[in-house]
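What follows is a single structure, written as structure tokens, with notes after it.
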Amino acid sequence: MAKRVAMIAVAQNAGTESKDNFYDQAYRVTKEVLDKAGMTRDDIQTIVSASSDVFHGGISCANSYYWETTGAFLKNASRQDGESLFALFYGAMRIMTGHYDTALVISLCKGSENPPLDTCTLMYSDPFYFRNVGLTETLAAALQMRLYMEKYRISEEQCAKVAVKNLRNALGNPYAHKKGRFTVEDVINSERIADPLTEMQCAPKSEGMVATILVSEEKAKKYTNKPVWIKGFGSSIDSYGIGDRELLNGQLRQAAKRAYKMAGIKNPLEDIDMAEVTEPYAFQELLWCEDLGFCRKGQGGKMIDSGMTEKNGEMPVNPSGGVLANNPYVSRGLQRAVEAFLQIRGEAGERQVEKKVKTALAHGVHGFAGQCHAVAILGR
Amino acid sequence: MTKEFRTVKTEIRLPYELAYGETWTRFFDGMQEKKIYGNTCPKCNRVLVPARAFCPRCFVDMDKWVEVSQEGTLIAWSYTNYKYYGMPTEPPFIGALIRLDGTDVNFLHLLGGIDLSNFEEVRKIVKNGMKLKAVWSDDRKAHIMDIKYFKPV
Ligand SMILES: [Zn+2]
């Protein structure tokens, strides 16, 4: 890696519906992250935002809402549409070029104000074919879940356990939107919206302005004695047509391989201490963990049964509650990195895992059935 | 639903008019004639359906057009029973990935022709691997829903 890049501060707001408007929320989270970093707006040289203005905002366009609230006007700023973990990569890359020493990365979404998620995700389908047969993110996930369960004999109970674990973990997360103690039966008996998916196995629609400040290695010392380094990142995109793809053999393996190589991760289970993954549908946490190398292919069901991914297990996954507990659609990937940052710094409060976290993984995904994956490795 | 704080209700309606292009045009014209068209990739020899201009994997132009089978095998399905804007038909319906005989990719459409009102009954009938056959609408509009659904053979 040419130049090292550190995350020095993070801020986010709660996922539940708020009476504040988008504009004020974005400003407050930006202000909070600057204050935590000991910076003013003038100290930030470049800004990368992530949002989906029409679908997950209704405001269109970025110019009217983001450049004042994030302190970006009169500066260099650019917007990433879609998954926000990519925005973290682009912010890091800008510093790696040597052109900038400080960057603000912020993702903006206020889900409570938006149409139902699948009203938006249906629009991701092409208008000639897929949209007319009703392809949404939920239908794509349901088809993928059916294949996963049948091919590897994963049970409904094993999938439901992910929701039980994550909603329970969320009890320790003041920012989480959905939380509680539920049983596997509660999850399976919740409304069967797209069999085999039930309502509690699908992520809610949450609010989330999520921000972090990145600085170059030279500047890091000036601002913090606890930098969290971006050690590696990687992404990969599959083809679009869900009929063309092998839904159980997606691009996460490739994205992880790229991130692991950059970060020098040889054995993910040993070298990584905890993970925050994007699981908009419960079973996907199992499938993604396989692709991340936390267990062998098809062993995701056994993995959750073993308790390995529990908050105090060998490889805690989503101690924050993950996306099933809080789903600020566009911001969810960057939020995973923010949670990983807090775990590394030992600042995750009630959701802090017991084991010492030196290295953590953050994962983001968007597109039908995991078309595009992004992986970041953060560490001390 | 009124919220406890003041809100503005707003809506974005934006009309677009998109070209079908040569390949989609021919494919959907085929629908009107009760034919499902695919084509073959000169490099990997896969038969892709719906037809397309190029093979995404090999990144070369597709060449031969083929009329593919209207029968196939169920690969995956979901009994969808909630409402969302723009859904293809009133719920419940079954979204299905179908491997049409002689093709190399899966075709997304609906599974029907059975009583869908009771999920427990549906679950006894619908199984991955079952054989399905296209059922055509009488009122065809060169549209993907010219196929009403695929029904069990
Ligand atoms: Zn080819």
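In the structure tokens, each chain is lettered A, B, ... as it comes, each chain's residues begin at 1, and ligands are numbered from 1 in order of appearance.
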
field: Picked from range 209-325 of chain A by DSSP as strand (DSSP E), as a list in words
entry: Val210, Ala211, Thr212, Ile213, Leu214, Val215, Ser216, Val228, Trp229, Ile230, Lys231, Gly232, Phe233, Gly234, Ser235, Ser236, Ile237, Met274, Ala275 and Glu276 of chain A

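Within chain B, DSSP run on the backbone puts these residues in alpha helix (DSSP H): Gly21, Glu22, Thr23, Trp24, Thr25, Arg26, Phe27, Phe28, Asp29, Gly30, Met31, Gln32, Phe119, Glu120, Glu121, Val122, Arg123, Lys124 and Ile125 of chain B.
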
Let's have the selection written as a compact mmCIF listing (two decimals), in the first residue's frame, with N, CA and C atoms.
# COMPACT_ATOMS: atom_id res chain seq x y z
N GLY B 21 -34.46 -1.42 -28.85
CA GLY B 21 -33.27 -1.90 -29.56
C GLY B 21 -33.58 -3.17 -30.33
N GLU B 22 -32.66 -3.52 -31.18
CA GLU B 22 -32.88 -4.60 -32.15
C GLU B 22 -33.18 -5.94 -31.47
N THR B 23 -32.37 -6.28 -30.46
CA THR B 23 -32.48 -7.63 -29.89
C THR B 23 -33.75 -7.80 -29.06
N TRP B 24 -34.02 -6.82 -28.18
CA TRP B 24 -35.26 -6.91 -27.39
C TRP B 24 -36.48 -6.89 -28.31
N THR B 25 -36.42 -6.07 -29.36
CA THR B 25 -37.56 -5.97 -30.29
C THR B 25 -37.88 -7.35 -30.86
N ARG B 26 -36.83 -8.01 -31.34
CA ARG B 26 -37.06 -9.33 -31.95
C ARG B 26 -37.54 -10.33 -30.89
N PHE B 27 -36.95 -10.25 -29.70
CA PHE B 27 -37.38 -11.17 -28.64
C PHE B 27 -38.85 -10.98 -28.30
N PHE B 28 -39.27 -9.73 -28.11
CA PHE B 28 -40.66 -9.50 -27.70
C PHE B 28 -41.64 -9.70 -28.86
N ASP B 29 -41.21 -9.43 -30.08
CA ASP B 29 -42.05 -9.79 -31.23
C ASP B 29 -42.30 -11.30 -31.21
N GLY B 30 -41.29 -12.05 -30.83
CA GLY B 30 -41.44 -13.51 -30.70
C GLY B 30 -42.51 -13.87 -29.68
N MET B 31 -42.55 -13.14 -28.59
CA MET B 31 -43.57 -13.39 -27.56
C MET B 31 -44.97 -13.33 -28.19
N GLN B 32 -45.16 -12.32 -29.02
CA GLN B 32 -46.47 -12.13 -29.66
C GLN B 32 -46.84 -13.36 -30.51
N PHE B 119 -51.09 -21.79 0.92
CA PHE B 119 -49.66 -22.04 0.80
C PHE B 119 -49.28 -23.48 1.15
N GLU B 120 -49.94 -24.03 2.16
CA GLU B 120 -49.58 -25.40 2.57
C GLU B 120 -49.86 -26.40 1.44
N GLU B 121 -50.92 -26.15 0.68
CA GLU B 121 -51.24 -27.01 -0.47
C GLU B 121 -50.22 -26.80 -1.59
N VAL B 122 -49.88 -25.53 -1.82
CA VAL B 122 -48.90 -25.20 -2.86
C VAL B 122 -47.58 -25.91 -2.59
N ARG B 123 -47.19 -25.88 -1.34
CA ARG B 123 -45.92 -26.44 -0.92
C ARG B 123 -45.84 -27.96 -1.18
N LYS B 124 -47.02 -28.61 -1.20
CA LYS B 124 -47.04 -30.05 -1.48
C LYS B 124 -46.82 -30.32 -2.97
N ILE B 125 -47.22 -29.37 -3.81
CA ILE B 125 -47.16 -29.57 -5.25
C ILE B 125 -45.84 -29.07 -5.85

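Distance check against chain A using only C-alpha atoms: of B:Leu100, B:Leu111, B:Ile36, B:Ile12, the minimum falls on B:Ile12.
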
message: Residues of chain B within 7 Å of chain A, counting only C-alpha atoms - could you list those as a list in words?
response: Phe5, Ala76, Trp77, Ser78, Tyr79, Thr80, Asn81, Tyr82, Tyr84, Tyr85, Met87, Pro88, Leu97, Val105, Asn106, Phe107, Leu108, His109 and Ile144 of chain B

Give me the residues of chain B that have any atom at most 6 Å from an atom of ligand 1; for each, the nearest atom pair and the distance in Å, rounded to one decimal. Use only C-alpha atoms and all ligand atoms, sort by chain and number, and format it as a tab-separated table.
residue	atom	partner	partner_atom_place_in_ligand_line	distance
B:Cys41	CA	ligand 1	1 (Zn)	4.6
B:Lys43	CA	ligand 1	1 (Zn)	5.1
B:Cys44	CA	ligand 1	1 (Zn)	4.1
B:Cys55	CA	ligand 1	1 (Zn)	4.7
B:Arg57	CA	ligand 1	1 (Zn)	5.3
B:Cys58	CA	ligand 1	1 (Zn)	4.2

Could those selected residues go to a file with all heavy atoms, as a short mmCIF file (atom, residue, chain, number, x, y, z; two decimals), in the first residue's frame?
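Saved as part_7.cif:
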data_model
loop_
_atom_site.label_atom_id
_atom_site.label_comp_id
_atom_site.auth_asym_id
_atom_site.auth_seq_id
_atom_site.Cartn_x
_atom_site.Cartn_y
_atom_site.Cartn_z
N CYS B 41 -23.85 -18.22 -28.20
CA CYS B 41 -22.59 -17.49 -28.19
C CYS B 41 -21.59 -18.28 -29.04
O CYS B 41 -21.41 -19.47 -28.83
CB CYS B 41 -22.08 -17.37 -26.76
SG CYS B 41 -20.39 -16.75 -26.69
N LYS B 43 -18.51 -18.24 -28.95
CA LYS B 43 -17.29 -18.60 -28.24
C LYS B 43 -17.53 -19.70 -27.20
O LYS B 43 -16.87 -20.72 -27.22
CB LYS B 43 -16.71 -17.35 -27.58
CG LYS B 43 -15.22 -17.43 -27.41
CD LYS B 43 -14.63 -16.07 -27.11
CE LYS B 43 -13.22 -16.22 -26.58
NZ LYS B 43 -12.73 -14.95 -26.04
N CYS B 44 -18.52 -19.48 -26.32
CA CYS B 44 -18.73 -20.49 -25.26
C CYS B 44 -19.84 -21.47 -25.62
O CYS B 44 -20.10 -22.42 -24.89
CB CYS B 44 -19.01 -19.82 -23.92
SG CYS B 44 -20.56 -18.89 -23.84
N CYS B 55 -22.60 -11.81 -25.52
CA CYS B 55 -22.43 -12.71 -24.39
C CYS B 55 -21.68 -11.94 -23.31
O CYS B 55 -20.54 -11.52 -23.53
CB CYS B 55 -21.63 -13.94 -24.81
SG CYS B 55 -21.19 -15.02 -23.42
N ARG B 57 -20.24 -12.90 -20.69
CA ARG B 57 -19.04 -13.59 -20.22
C ARG B 57 -17.90 -13.48 -21.23
O ARG B 57 -16.79 -13.13 -20.88
CB ARG B 57 -19.39 -15.05 -19.95
CG ARG B 57 -18.39 -15.74 -19.06
CD ARG B 57 -18.75 -17.21 -18.83
NE ARG B 57 -19.84 -17.39 -17.89
CZ ARG B 57 -20.38 -18.58 -17.61
NH1 ARG B 57 -19.94 -19.68 -18.22
NH2 ARG B 57 -21.38 -18.68 -16.75
N CYS B 58 -18.19 -13.78 -22.50
CA CYS B 58 -17.14 -13.79 -23.53
C CYS B 58 -16.92 -12.42 -24.15
O CYS B 58 -15.91 -12.16 -24.77
CB CYS B 58 -17.47 -14.80 -24.62
SG CYS B 58 -17.81 -16.44 -23.98
#

If we count only C-alpha atoms and set the cut-off at 9 Å, which residues sit around Gln352 in chain A, ignoring sequence neighbours fewer than 5 positions away in its own chain? Please answer as a compact mmCIF listing (two decimals) with all heavy atoms, in the first residue's frame.
# COMPACT_ATOMS: atom_id res chain seq x y z
N GLY A 172 -27.93 -3.99 22.71
CA GLY A 172 -26.79 -3.20 23.21
C GLY A 172 -26.41 -2.04 22.32
O GLY A 172 -25.41 -1.37 22.56
N LYS A 311 -21.87 -12.92 19.95
CA LYS A 311 -21.09 -11.77 20.41
C LYS A 311 -19.82 -12.18 21.14
O LYS A 311 -18.78 -11.53 21.01
CB LYS A 311 -21.97 -10.91 21.32
CG LYS A 311 -21.40 -9.55 21.61
CD LYS A 311 -22.41 -8.72 22.37
CE LYS A 311 -21.69 -7.86 23.40
NZ LYS A 311 -22.58 -7.37 24.43
N PRO A 319 -22.10 -7.89 16.08
CA PRO A 319 -22.47 -7.59 17.46
C PRO A 319 -23.33 -6.33 17.58
O PRO A 319 -24.03 -6.14 18.57
CB PRO A 319 -21.12 -7.41 18.17
CG PRO A 319 -20.13 -7.16 17.09
CD PRO A 319 -20.63 -7.89 15.88
N SER A 320 -23.34 -5.52 16.53
CA SER A 320 -24.18 -4.31 16.53
C SER A 320 -25.65 -4.65 16.29
O SER A 320 -26.52 -3.82 16.51
CB SER A 320 -23.74 -3.38 15.40
OG SER A 320 -24.05 -3.96 14.14
N LEU A 342 -15.41 1.15 16.01
CA LEU A 342 -15.72 1.25 17.45
C LEU A 342 -15.22 0.02 18.20
O LEU A 342 -14.71 0.12 19.33
CB LEU A 342 -17.22 1.46 17.67
CG LEU A 342 -17.78 2.79 17.14
CD1 LEU A 342 -19.31 2.78 17.21
CD2 LEU A 342 -17.22 3.97 17.94
N GLN A 343 -15.36 -1.15 17.58
CA GLN A 343 -14.89 -2.39 18.23
C GLN A 343 -13.37 -2.37 18.38
O GLN A 343 -12.84 -2.75 19.43
CB GLN A 343 -15.32 -3.62 17.40
CG GLN A 343 -16.82 -3.88 17.39
CD GLN A 343 -17.35 -4.46 18.69
OE1 GLN A 343 -16.60 -4.88 19.57
NE2 GLN A 343 -18.66 -4.49 18.83
N GLY A 346 -12.35 -0.20 21.12
CA GLY A 346 -12.92 -0.56 22.43
C GLY A 346 -13.96 0.43 22.89
O GLY A 346 -14.18 0.63 24.09
N GLU A 347 -14.63 1.07 21.92
CA GLU A 347 -15.59 2.13 22.25
C GLU A 347 -17.02 1.76 21.86
O GLU A 347 -17.85 2.63 21.63
CB GLU A 347 -15.18 3.43 21.55
CG GLU A 347 -13.86 3.98 22.06
CD GLU A 347 -13.31 5.13 21.20
OE1 GLU A 347 -13.95 5.51 20.21
OE2 GLU A 347 -12.21 5.62 21.54

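We find CA of Asp291 in chain A and CA of Ile265 in chain A to be spaced 14.5 Å apart.
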
- request: Give me the residues within 6 Å of range 204-213 of chain A as a list in words, counting only C-alpha atoms and dropping any in the same chain fewer than 4 places off.
  value: Met7, Ile8, Ala9, Val10, Ala11, Gln12, Asn13, Gly15, Ala103, Leu104, Val105, Ile106, Ser107, Leu108, Cys109, Lys110, Gly111, Ser112, Asn326, Asn327 and Pro328 of chain A

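Comparing the minimum interatomic distances between Thr103 in chain B and each of B:Thr40, B:Ser117, B:Asn128, B:Thr2, counting only C-alpha atoms, we find that B:Thr40 sits nearest.
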
query: Neighbours of Pro280 in chain A within 7 Å (only C-alpha atoms; same-chain residues fewer than 4 positions away dropped), as number ranges by chain?
result: A: 202-203, 323-324

For the selection you just gave me, I'd like the residues written to a file as a PDB file, in the first residue's frame, keeping N, CA and C atoms.
ATOM      1  N   CYS A 202     -36.185 -10.242   7.096  1.00  0.00           N
ATOM      2  CA  CYS A 202     -35.902  -9.171   6.142  1.00  0.00           C
ATOM      3  C   CYS A 202     -35.606  -7.893   6.908  1.00  0.00           C
ATOM      4  N   ALA A 203     -34.647  -7.131   6.433  1.00  0.00           N
ATOM      5  CA  ALA A 203     -34.231  -5.914   7.128  1.00  0.00           C
ATOM      6  C   ALA A 203     -35.312  -4.844   7.057  1.00  0.00           C
ATOM      7  N   VAL A 323     -27.651  -5.447   9.835  1.00  0.00           N
ATOM      8  CA  VAL A 323     -28.625  -4.757   9.003  1.00  0.00           C
ATOM      9  C   VAL A 323     -30.055  -5.228   9.315  1.00  0.00           C
ATOM     10  N   LEU A 324     -30.196  -6.426   9.858  1.00  0.00           N
ATOM     11  CA  LEU A 324     -31.536  -6.882  10.260  1.00  0.00           C
ATOM     12  C   LEU A 324     -32.089  -5.991  11.374  1.00  0.00           C
TER      13      LEU A 324
END

query: Which residues come within 9 Å of Lys161 in chain A, counting only C-alpha atoms, excluding same-chain residues fewer than 6 positions away, as a ChimeraX atom specification?
result: /A:183-184,187,282-283,304-305

Between CA of His363 in chain A and CA of Cys295 in chain A, distance in Å (one decimal): 16.3 Å

field: Exercise: Val66 in chain B partners within 7 Å, only C-alpha atoms, chain neighbours under 3 positions left out, as a list in words
entry: Tyr37, Gly38 and Asn39 of chain B

Go ahead and save the picked residues with all heavy atoms, as a PDB file, in the first residue's frame.
ATOM      1  N   TYR B  37     -37.389 -16.708 -27.867  1.00  0.00           N
ATOM      2  CA  TYR B  37     -36.123 -16.680 -28.594  1.00  0.00           C
ATOM      3  C   TYR B  37     -34.914 -16.512 -27.665  1.00  0.00           C
ATOM      4  O   TYR B  37     -34.916 -15.703 -26.739  1.00  0.00           O
ATOM      5  CB  TYR B  37     -36.110 -15.531 -29.614  1.00  0.00           C
ATOM      6  CG  TYR B  37     -36.904 -15.841 -30.861  1.00  0.00           C
ATOM      7  CD1 TYR B  37     -38.002 -15.047 -31.209  1.00  0.00           C
ATOM      8  CD2 TYR B  37     -36.559 -16.906 -31.683  1.00  0.00           C
ATOM      9  CE1 TYR B  37     -38.731 -15.314 -32.357  1.00  0.00           C
ATOM     10  CE2 TYR B  37     -37.288 -17.178 -32.832  1.00  0.00           C
ATOM     11  CZ  TYR B  37     -38.372 -16.386 -33.168  1.00  0.00           C
ATOM     12  OH  TYR B  37     -39.093 -16.657 -34.295  1.00  0.00           O
ATOM     13  N   GLY B  38     -33.909 -17.291 -28.001  1.00  0.00           N
ATOM     14  CA  GLY B  38     -32.601 -17.115 -27.381  1.00  0.00           C
ATOM     15  C   GLY B  38     -31.600 -17.015 -28.497  1.00  0.00           C
ATOM     16  O   GLY B  38     -31.972 -16.961 -29.668  1.00  0.00           O
ATOM     17  N   ASN B  39     -30.325 -16.960 -28.124  1.00  0.00           N
ATOM     18  CA  ASN B  39     -29.308 -17.085 -29.166  1.00  0.00           C
ATOM     19  C   ASN B  39     -28.051 -17.733 -28.596  1.00  0.00           C
ATOM     20  O   ASN B  39     -27.925 -17.896 -27.385  1.00  0.00           O
ATOM     21  CB  ASN B  39     -29.021 -15.754 -29.879  1.00  0.00           C
ATOM     22  CG  ASN B  39     -28.945 -14.572 -28.940  1.00  0.00           C
ATOM     23  OD1 ASN B  39     -28.756 -14.743 -27.747  1.00  0.00           O
ATOM     24  ND2 ASN B  39     -29.093 -13.386 -29.469  1.00  0.00           N
TER      25      ASN B  39
END
